[in-house]
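K.L.:
I am sharing run_36.cif, which consists of mmCIF, C-alpha atoms:
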```cif
data_target
loop_
_atom_site.label_atom_id
_atom_site.label_comp_id
_atom_site.auth_asym_id
_atom_site.auth_seq_id
_atom_site.Cartn_x
_atom_site.Cartn_y
_atom_site.Cartn_z
CA MET A 24 77.71 128.43 86.15
CA GLU A 25 76.59 128.49 89.77
CA ASN A 26 79.01 126.94 92.27
CA ASN A 27 77.22 125.12 95.10
CA GLU A 28 80.39 124.11 96.97
CA PRO A 29 80.95 125.80 100.36
CA GLN A 30 83.36 128.71 100.11
CA SER A 31 86.45 128.99 102.31
CA ASN A 32 85.24 132.18 104.03
CA ASP A 33 82.14 130.45 105.42
CA LEU A 34 83.67 127.15 106.43
CA ASP A 35 82.62 127.61 110.07
CA PHE A 36 79.01 128.12 109.04
CA ASN A 37 78.82 125.21 106.63
CA ASN A 38 80.87 122.57 108.45
CA ARG A 39 78.61 119.87 109.84
CA ILE A 40 81.48 118.14 111.63
CA PRO A 41 83.35 119.95 114.45
CA LEU A 42 86.94 119.70 113.21
CA GLU A 43 88.57 122.24 115.54
CA GLY A 44 89.94 119.54 117.87
CA LEU A 45 91.49 117.64 114.98
CA GLN A 46 93.03 120.80 113.54
CA LYS A 47 94.49 121.74 116.93
CA ALA A 48 96.00 118.26 117.41
CA VAL A 49 97.56 118.35 113.92
CA GLY A 50 98.90 121.85 114.60
CA ASP A 51 100.39 120.69 117.92
CA ILE A 52 102.17 117.77 116.21
CA LYS A 53 103.61 120.09 113.57
CA VAL A 54 104.77 122.58 116.22
CA GLU A 55 106.55 119.85 118.19
CA LEU A 56 108.30 118.44 115.12
CA ALA A 57 109.30 121.94 113.97
CA LYS A 58 111.49 122.21 117.09
CA VAL A 59 113.90 119.76 115.44
CA ILE A 60 112.85 119.06 111.84
CA ILE A 61 113.42 121.87 109.35
CA GLY A 62 111.31 121.75 106.18
CA GLN A 63 109.75 118.38 105.26
CA GLU A 64 106.25 119.89 105.68
CA ASN A 65 104.76 117.63 103.01
CA PHE A 66 106.41 114.54 104.53
CA ILE A 67 105.06 115.37 108.00
CA GLU A 68 101.55 116.08 106.67
CA LEU A 69 101.50 112.71 104.87
CA LEU A 70 102.58 110.95 108.09
CA ILE A 71 99.66 112.58 109.91
CA VAL A 72 97.21 111.67 107.13
CA SER A 73 98.42 108.05 107.21
CA LEU A 74 98.00 107.88 111.00
CA LEU A 75 94.41 109.14 110.70
CA VAL A 76 93.41 106.50 108.12
CA ASP A 77 95.30 103.50 109.57
CA GLY A 78 97.91 103.50 106.81
CA HIS A 79 101.57 102.50 106.66
CA VAL A 80 104.30 104.65 105.08
CA LEU A 81 107.37 103.68 103.06
CA ILE A 82 110.00 106.41 103.32
CA GLU A 83 112.70 106.57 100.64
CA GLY A 84 115.71 108.87 100.61
CA VAL A 85 119.49 108.99 100.65
CA PRO A 86 121.27 108.67 104.02
CA GLY A 87 121.26 111.74 106.24
CA VAL A 88 118.03 113.47 105.13
CA ALA A 89 116.28 112.84 108.49
CA LYS A 90 114.09 109.89 107.46
CA THR A 91 114.64 107.93 110.66
CA ILE A 92 114.73 110.87 113.08
CA THR A 93 111.50 112.33 111.65
CA ALA A 94 109.74 108.98 112.07
CA LYS A 95 111.06 108.64 115.65
CA LEU A 96 110.05 112.16 116.63
CA PHE A 97 106.63 111.74 115.01
CA ALA A 98 106.07 108.64 117.16
CA LYS A 99 107.18 110.63 120.23
CA THR A 100 104.34 113.16 119.71
CA LEU A 101 101.87 110.33 120.33
CA LYS A 102 101.18 108.88 123.79
CA THR A 103 101.73 105.35 122.53
CA ASN A 104 104.39 102.66 122.49
CA PHE A 105 107.20 102.79 119.95
CA SER A 106 109.41 100.03 118.60
CA ARG A 107 112.35 100.19 116.22
CA ILE A 108 113.55 97.20 114.18
CA GLN A 109 116.77 97.27 112.17
CA PHE A 110 116.38 94.97 109.18
CA THR A 111 119.49 92.97 108.24
CA PRO A 112 120.16 90.14 105.74
CA ASP A 113 120.25 87.53 108.54
CA LEU A 114 116.98 88.64 110.19
CA MET A 115 114.46 85.82 110.65
CA PRO A 116 110.64 86.11 110.89
CA SER A 117 110.74 85.02 114.54
CA ASP A 118 113.03 87.98 115.30
CA ILE A 119 110.12 90.26 114.37
CA LEU A 120 106.96 88.35 115.21
CA GLY A 121 108.12 86.41 118.26
CA THR A 122 108.53 82.73 119.04
CA SER A 123 107.10 79.93 121.18
CA ILE A 124 109.23 79.07 124.22
CA PHE A 125 108.84 75.90 126.28
CA ASN A 126 107.93 76.63 129.89
CA VAL A 127 109.47 73.91 132.07
CA LYS A 128 107.21 74.67 135.06
CA SER A 129 103.93 74.36 133.15
CA SER A 130 105.26 71.88 130.56
CA GLU A 131 103.64 74.03 127.86
CA PHE A 132 104.79 76.32 125.09
CA ALA A 133 104.25 80.04 125.68
CA PHE A 134 104.34 82.66 122.94
CA LYS A 135 106.87 85.43 123.53
CA LYS A 136 105.85 88.45 121.48
CA GLY A 137 108.40 90.11 119.21
CA PRO A 138 109.08 93.85 118.66
CA ILE A 139 106.28 94.10 116.07
CA PHE A 140 103.81 94.10 118.98
CA SER A 141 103.81 97.84 119.56
CA ASN A 142 101.89 100.89 118.28
CA ILE A 143 104.27 102.80 116.04
CA ILE A 144 106.86 100.54 114.40
CA LEU A 145 109.93 102.00 112.70
CA ILE A 146 111.62 99.54 110.35
CA ASP A 147 115.02 100.80 109.28
CA GLU A 148 116.30 99.70 105.87
CA ILE A 149 113.38 97.40 105.16
CA ASN A 150 114.90 96.30 101.85
CA ARG A 151 117.86 94.65 103.60
CA ALA A 152 115.87 91.64 104.87
CA PRO A 153 115.34 88.53 102.71
CA ALA A 154 112.02 87.51 101.11
CA LYS A 155 111.10 85.11 103.94
CA THR A 156 111.25 87.92 106.49
CA GLN A 157 109.43 90.34 104.17
CA ALA A 158 106.61 87.80 103.80
CA ALA A 159 106.23 87.64 107.60
CA MET A 160 105.04 91.27 107.51
CA PHE A 161 102.14 90.64 105.08
CA GLU A 162 99.50 89.49 107.56
CA THR A 163 100.61 91.94 110.22
CA MET A 164 100.38 95.01 107.97
CA GLU A 165 97.14 94.11 106.21
CA GLU A 166 95.08 92.30 108.86
CA ARG A 167 96.77 93.78 111.94
CA GLN A 168 97.31 90.40 113.56
CA VAL A 169 99.92 87.67 113.92
CA THR A 170 99.02 83.98 113.63
CA MET A 171 101.48 81.69 115.39
CA ASP A 172 101.01 77.95 116.06
CA GLY A 173 97.31 78.21 115.19
CA THR A 174 96.65 81.10 117.59
CA THR A 175 95.86 84.62 116.38
CA TYR A 176 97.22 87.60 118.30
CA PRO A 177 95.66 90.99 117.43
CA MET A 178 97.87 94.07 117.22
CA ALA A 179 97.41 96.99 119.59
CA VAL A 180 95.53 100.11 118.44
CA PRO A 181 96.84 102.30 116.88
CA PHE A 182 99.19 100.22 114.73
CA MET A 183 101.35 101.92 112.10
CA VAL A 184 104.48 100.80 110.26
CA LEU A 185 107.00 103.40 109.11
CA ALA A 186 109.67 101.79 106.93
CA THR A 187 112.77 103.45 105.47
CA GLN A 188 114.81 102.38 102.49
CA ASN A 189 117.87 103.70 100.70
CA PRO A 190 117.36 104.13 96.92
CA ILE A 191 121.03 104.27 95.89
CA GLU A 192 122.64 101.44 97.83
CA GLN A 193 121.88 98.22 95.95
CA GLU A 194 124.47 95.85 97.39
CA GLY A 195 122.97 93.56 100.03
CA THR A 196 119.39 94.72 99.41
CA TYR A 197 116.26 92.86 98.32
CA ALA A 198 113.56 94.51 96.22
CA LEU A 199 110.24 94.60 98.06
CA PRO A 200 107.62 92.39 96.38
CA GLU A 201 104.68 94.20 94.74
CA ALA A 202 102.25 92.57 97.18
CA GLN A 203 104.07 94.15 100.12
CA LEU A 204 104.49 97.53 98.44
CA ASP A 205 100.73 97.60 97.89
CA ARG A 206 100.21 97.37 101.66
CA PHE A 207 101.85 100.77 102.17
CA LEU A 208 99.39 103.65 101.92
CA PHE A 209 102.11 106.07 100.80
CA LYS A 210 105.62 106.00 99.45
CA VAL A 211 107.26 109.30 100.38
CA LYS A 212 110.49 110.38 98.74
CA VAL A 213 112.49 112.63 101.05
CA GLU A 214 114.63 115.10 99.10
CA TYR A 215 117.64 117.19 100.06
CA PRO A 216 116.83 120.49 101.84
CA SER A 217 117.21 123.86 100.14
CA VAL A 218 120.18 126.10 100.99
CA ALA A 219 118.04 128.24 103.32
CA GLU A 220 116.75 125.11 105.08
CA GLU A 221 120.29 123.75 105.36
CA VAL A 222 121.36 126.96 107.15
CA LEU A 223 118.42 126.60 109.58
CA ILE A 224 119.35 122.95 110.19
CA LEU A 225 122.88 124.01 111.17
CA LYS A 226 121.61 126.81 113.44
CA THR A 227 119.09 124.53 115.17
CA HIS A 228 121.74 121.88 115.74
CA HIS A 229 124.12 124.51 117.13
CA LYS A 230 121.49 125.92 119.53
CA ARG A 231 120.71 122.47 120.97
CA LYS A 232 124.27 122.31 122.35
CA GLY A 233 124.39 118.54 122.32
CA ASN A 234 120.88 117.95 123.73
CA LEU A 235 119.16 114.92 122.21
CA PRO A 236 116.29 115.83 119.83
CA LEU A 237 113.95 113.30 121.46
CA LYS A 238 114.10 115.21 124.77
CA GLU A 239 112.62 118.30 123.11
CA ILE A 240 109.46 116.59 121.83
CA LYS A 241 106.30 116.31 123.97
CA ASN A 242 103.36 113.89 123.72
CA VAL A 243 100.42 115.83 122.30
CA LEU A 244 97.96 113.17 121.04
CA THR A 245 96.34 110.31 122.97
CA PRO A 246 94.99 107.06 121.44
CA LYS A 247 91.48 107.96 122.68
CA ALA A 248 91.53 111.34 120.94
CA LEU A 249 92.96 109.72 117.80
CA LEU A 250 90.07 107.24 117.75
CA GLY A 251 87.59 110.13 117.86
CA PHE A 252 89.33 111.92 114.99
CA LYS A 253 89.27 108.74 112.88
CA SER A 254 85.50 108.52 113.40
CA GLN A 255 85.10 112.12 112.23
CA ILE A 256 87.05 111.42 109.05
CA GLN A 257 84.63 108.61 108.19
CA GLU A 258 81.87 111.25 108.11
CA ILE A 259 83.60 113.55 105.61
CA VAL A 260 81.30 114.23 102.63
CA VAL A 261 82.39 112.91 99.22
CA ALA A 262 80.46 114.05 96.14
CA GLU A 263 79.63 111.63 93.32
CA LYS A 264 81.94 113.53 90.96
CA ILE A 265 84.91 112.88 93.32
CA PHE A 266 84.32 109.12 93.19
CA GLN A 267 84.25 109.33 89.39
CA TYR A 268 87.38 111.52 89.33
CA ILE A 269 89.40 109.01 91.38
CA ALA A 270 88.10 106.06 89.34
CA ASP A 271 88.94 107.78 86.02
CA ILE A 272 92.55 108.46 87.10
CA ILE A 273 93.22 104.99 88.52
CA THR A 274 91.63 103.28 85.50
CA LYS A 275 93.80 105.36 83.19
CA THR A 276 96.97 104.05 84.91
CA ARG A 277 95.93 100.52 83.88
CA ASN A 278 95.76 101.42 80.19
CA HIS A 279 98.63 103.88 79.89
CA PRO A 280 101.34 102.94 77.32
CA HIS A 281 104.16 104.04 79.68
CA LEU A 282 103.06 101.72 82.49
CA TYR A 283 103.51 97.97 82.72
CA LEU A 284 101.35 97.77 85.87
CA GLY A 285 98.61 100.20 86.89
CA GLY A 286 96.90 100.99 90.17
CA SER A 287 94.63 98.43 91.86
CA PRO A 288 91.25 99.07 93.55
CA ARG A 289 93.27 99.26 96.78
CA ALA A 290 94.96 102.34 95.27
CA SER A 291 91.54 103.92 94.62
CA ILE A 292 90.48 103.33 98.22
CA ALA A 293 93.81 104.69 99.48
CA ALA A 294 93.35 107.88 97.43
CA LEU A 295 89.79 108.32 98.73
CA ASN A 296 90.67 107.78 102.41
CA SER A 297 93.74 110.03 102.17
CA ALA A 298 91.79 112.82 100.49
CA LYS A 299 89.14 112.66 103.24
CA ALA A 300 91.81 112.98 105.96
CA LEU A 301 93.51 115.82 104.10
CA ALA A 302 90.21 117.69 103.83
CA ALA A 303 89.58 117.22 107.56
CA ILE A 304 92.97 118.50 108.72
CA ASN A 305 92.45 121.54 106.50
CA GLY A 306 89.16 122.29 108.28
CA ARG A 307 86.75 121.07 105.59
CA ASP A 308 84.05 118.44 105.92
CA PHE A 309 84.00 117.79 102.17
CA VAL A 310 86.61 116.54 99.69
CA THR A 311 87.79 118.67 96.76
CA PRO A 312 89.62 117.56 93.59
CA GLU A 313 92.71 119.35 94.95
CA ASP A 314 92.74 116.99 97.96
CA VAL A 315 92.74 114.04 95.57
CA LYS A 316 95.48 115.52 93.37
CA LYS A 317 97.72 116.16 96.37
CA VAL A 318 97.74 112.49 97.47
CA LEU A 319 97.90 110.77 94.07
CA VAL A 320 101.69 110.70 93.68
CA PRO A 321 102.47 109.23 97.15
CA VAL A 322 99.56 106.79 96.74
CA LEU A 323 100.57 105.59 93.27
CA ASN A 324 104.35 105.95 92.89
CA HIS A 325 105.04 102.53 94.46
CA ARG A 326 101.98 100.79 93.02
CA VAL A 327 102.58 101.43 89.31
CA ILE A 328 105.51 100.03 87.30
CA LEU A 329 107.09 101.68 84.27
CA THR A 330 107.61 99.74 81.06
CA PRO A 331 111.29 98.75 80.60
CA GLU A 332 111.63 101.15 77.65
CA ARG A 333 110.47 104.18 79.65
CA GLU A 334 112.61 103.16 82.62
CA MET A 335 115.70 103.06 80.38
CA GLU A 336 114.84 106.55 79.16
CA GLY A 337 115.02 107.80 82.75
CA MET A 338 111.32 108.45 83.14
CA THR A 339 109.86 108.23 86.68
CA THR A 340 106.56 106.91 87.98
CA GLU A 341 105.88 110.32 89.54
CA SER A 342 106.09 112.10 86.18
CA VAL A 343 103.73 109.58 84.55
CA VAL A 344 101.22 109.87 87.40
CA GLN A 345 101.30 113.67 87.07
CA VAL A 346 100.76 113.46 83.30
CA ILE A 347 97.80 111.10 83.80
CA THR A 348 96.32 113.36 86.50
CA GLU A 349 96.58 116.43 84.28
CA SER A 350 94.91 114.55 81.40
CA VAL A 351 91.76 113.86 83.42
CA GLU A 352 89.29 116.74 83.56
CA ILE A 353 88.86 118.26 87.02
CA PRO A 354 85.21 118.05 88.14
CA ARG A 355 83.52 121.37 88.78
#
```
Could the structure of this file be written out as C-alpha cells, please?
P.N.:
Amino acid sequence: MENNEPQSNDLDFNNRIPLEGLQKAVGDIKVELAKVIIGQENFIELLIVSLLVDGHVLIEGVPGVAKTITAKLFAKTLKTNFSRIQFTPDLMPSDILGTSIFNVKSSEFAFKKGPIFSNIILIDEINRAPAKTQAAMFETMEERQVTMDGTTYPMAVPFMVLATQNPIEQEGTYALPEAQLDRFLFKVKVEYPSVAEEVLILKTHHKRKGNLPLKEIKNVLTPKALLGFKSQIQEIVVAEKIFQYIADIITKTRNHPHLYLGGSPRASIAALNSAKALAAINGRDFVTPEDVKKVLVPVLNHRVILTPEREMEGMTTESVVQVITESVEIPR
C-alpha cells in the first residue's frame, strides 16, 4: 500500500509552515531547565505543549520530586509575570481574585486585583482549599476573566495555571470537583527519578554550591514570539482519519465497562490541540497517530473515573486509557 504521508527525511521540503523558530524556542527552554532539572523530559514537554495551546496543567506527585521548582523555573524561562499562591483550608475567594476597597477621597469602591492577575500562576497544593475557593477559579480558568461587582476584568495574555497536589496526604484536603478537573488540559504524574538521575541530581546540587536555582535560568521566550507560535500551531494539518481516530478513542471511554465516567467533547478537543502542538515542536506540520497516542493519558487520566469495583482492585485510569487506545486500530 502506497504511503502518501511526508517522510521524516524530507521534512524540510514538505513543511508548509516554517517551524524552525518554534523548535529553537522549545530547545532553548529545555536547555535552560536542564541546568537544574534532571530527567522529567516528558513533564517539561507537556508544560511546553500546554503553554502553546492555552492550557492549564495539574501536577501530581509526592513531596520532593521537583513539582514546584520545575513549574517556577519553567515560568522563569518566559519574559512574563509570575505569581505563586499557596492554597490553605482558610483561603477565601477574595484572597485569590481580589476585593473592592472603599476609596475615601473619591467616595467610590475601587477593585484591588488579587494574585491571580498575572501570566503564569503557580498554585501550590490546590486540593487544600475548600469548595468555595475552588469554585472561584472556574470562570478564571475557562473564560480567562474575573467578574466582580458586575464588572468583568480580562486576564493578561498569556495566562496559564500550574497547580500541584499531593496524592498521598489526605488529611486536610478537598477533592477537586469534576468540573474543575475538566478545565485542566493535562494531569501530569511526576514519578521518582531513576538511580542514575538521582546521582546527577546530587552532583548538580553539589556543583551549585548554595546558589539559588532561579538565578541560573534565563528568559528565552517573549509573549510576542509565543503569540506567533500559537498562530502557527493553528495551521497544522490534520487528516480526516486523525479526527476519526480521536473520536473513536474518546467515544470508547464512554462505553467501557471499567469506567464510570468517560471523556467529554472537551477531552477530544484537548487531545486534538495537544497533538497539533506536539507535531509542531517536533518539526512537522501534520499530526500523526503517534502524536495523539502520546497525549491521551495526560489528557484523559483526570477526566475519566473508574468504577468502584475496578478501583478496589487497584486498577488505574492510566492503564484503562492505554488498553482502550491499543484496542482502537491505528489509521494508516
K.L.:
By how many Å are CA of Phe134 (chain A) and CA of Arg206 (chain A) apart?
P.N.:
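CA of Arg206 (chain A) lies 26.2 Å from CA of Phe134 (chain A).
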K.L.:
Of the candidates A:Thr122, A:Ser342, A:Gln257, A:Gln63, which one gets nearest to Lys135 (chain A) if we count only C-alpha atoms?
P.N.:
A:Thr122
K.L.:
Name the residues in contact with Glu221 (chain A) at a cut-off of 10 Å, using only C-alpha atoms, excluding same-chain residues fewer than 6 positions from it; report them as a CSV table (one decimal) with C-alpha atoms, in the frame of the given file.
P.N.:
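Once written, around_16.csv looks like this:
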```
chain,number,residue,atom,x,y,z
A,61,ILE,CA,113.4,121.9,109.4
A,62,GLY,CA,111.3,121.8,106.2
A,215,TYR,CA,117.6,117.2,100.1
A,227,THR,CA,119.1,124.5,115.2
```
K.L.:
Which one of A:Thr93, A:Asn150, A:Asn142, A:Asn189 sits closest to Phe110 (chain A) if you count only C-alpha atoms?
P.N.:
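With only C-alpha atoms as the atom set, the closest residue is A:Asn150.
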K.L.:
Report as a Markdown table the residues of region 38-110 of chain A within 8 Å of region 162-184 of chain A, each with its shortest atom pair and distance in Å (one decimal), using only C-alpha atoms, ordered by chain and increasing residue number.
P.N.:
```
| residue | atom | partner | partner_atom | distance |
| --- | --- | --- | --- | --- |
| A:Leu74 | CA | A:Met183 | CA | 6.9 |
| A:Asp77 | CA | A:Met183 | CA | 6.7 |
| A:Gly78 | CA | A:Met183 | CA | 6.5 |
| A:His79 | CA | A:Val184 | CA | 4.9 |
| A:Val80 | CA | A:Val184 | CA | 6.5 |
```
K.L.:
List the spatial neighbours of Ile272 (chain A) as a ChimeraX atom specification - criterion: any atom at most 7 Å away, only C-alpha atoms, same-chain residues fewer than 2 positions off excluded.
P.N.:
/A:268-270,274-276,347-348,351
K.L.:
Counting all atoms listed in the file, what is within 9 Å of Lys316 (chain A), bar same-chain residues fewer than 3 positions away, as a list in words?
P.N.:
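Residues meeting the cut-off are Ala294, Ala298, Thr311, Pro312, Glu313, Leu319, Val320, Gln345 and Thr348 of chain A.
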K.L.:
For a quick check of understanding, using all atoms listed in the file, which of A:Ile328, A:Leu120, A:Ile149, A:Val213 has the smallest distance to Pro280 (chain A)?
P.N.:
A:Ile328
K.L.:
Would you work out the distance separating CA of Val261 (chain A) from CA of Pro246 (chain A), expressed in Å to one decimal?
P.N.:
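Taking CA of Val261 (chain A) and CA of Pro246 (chain A), their separation equals 26.2 Å.
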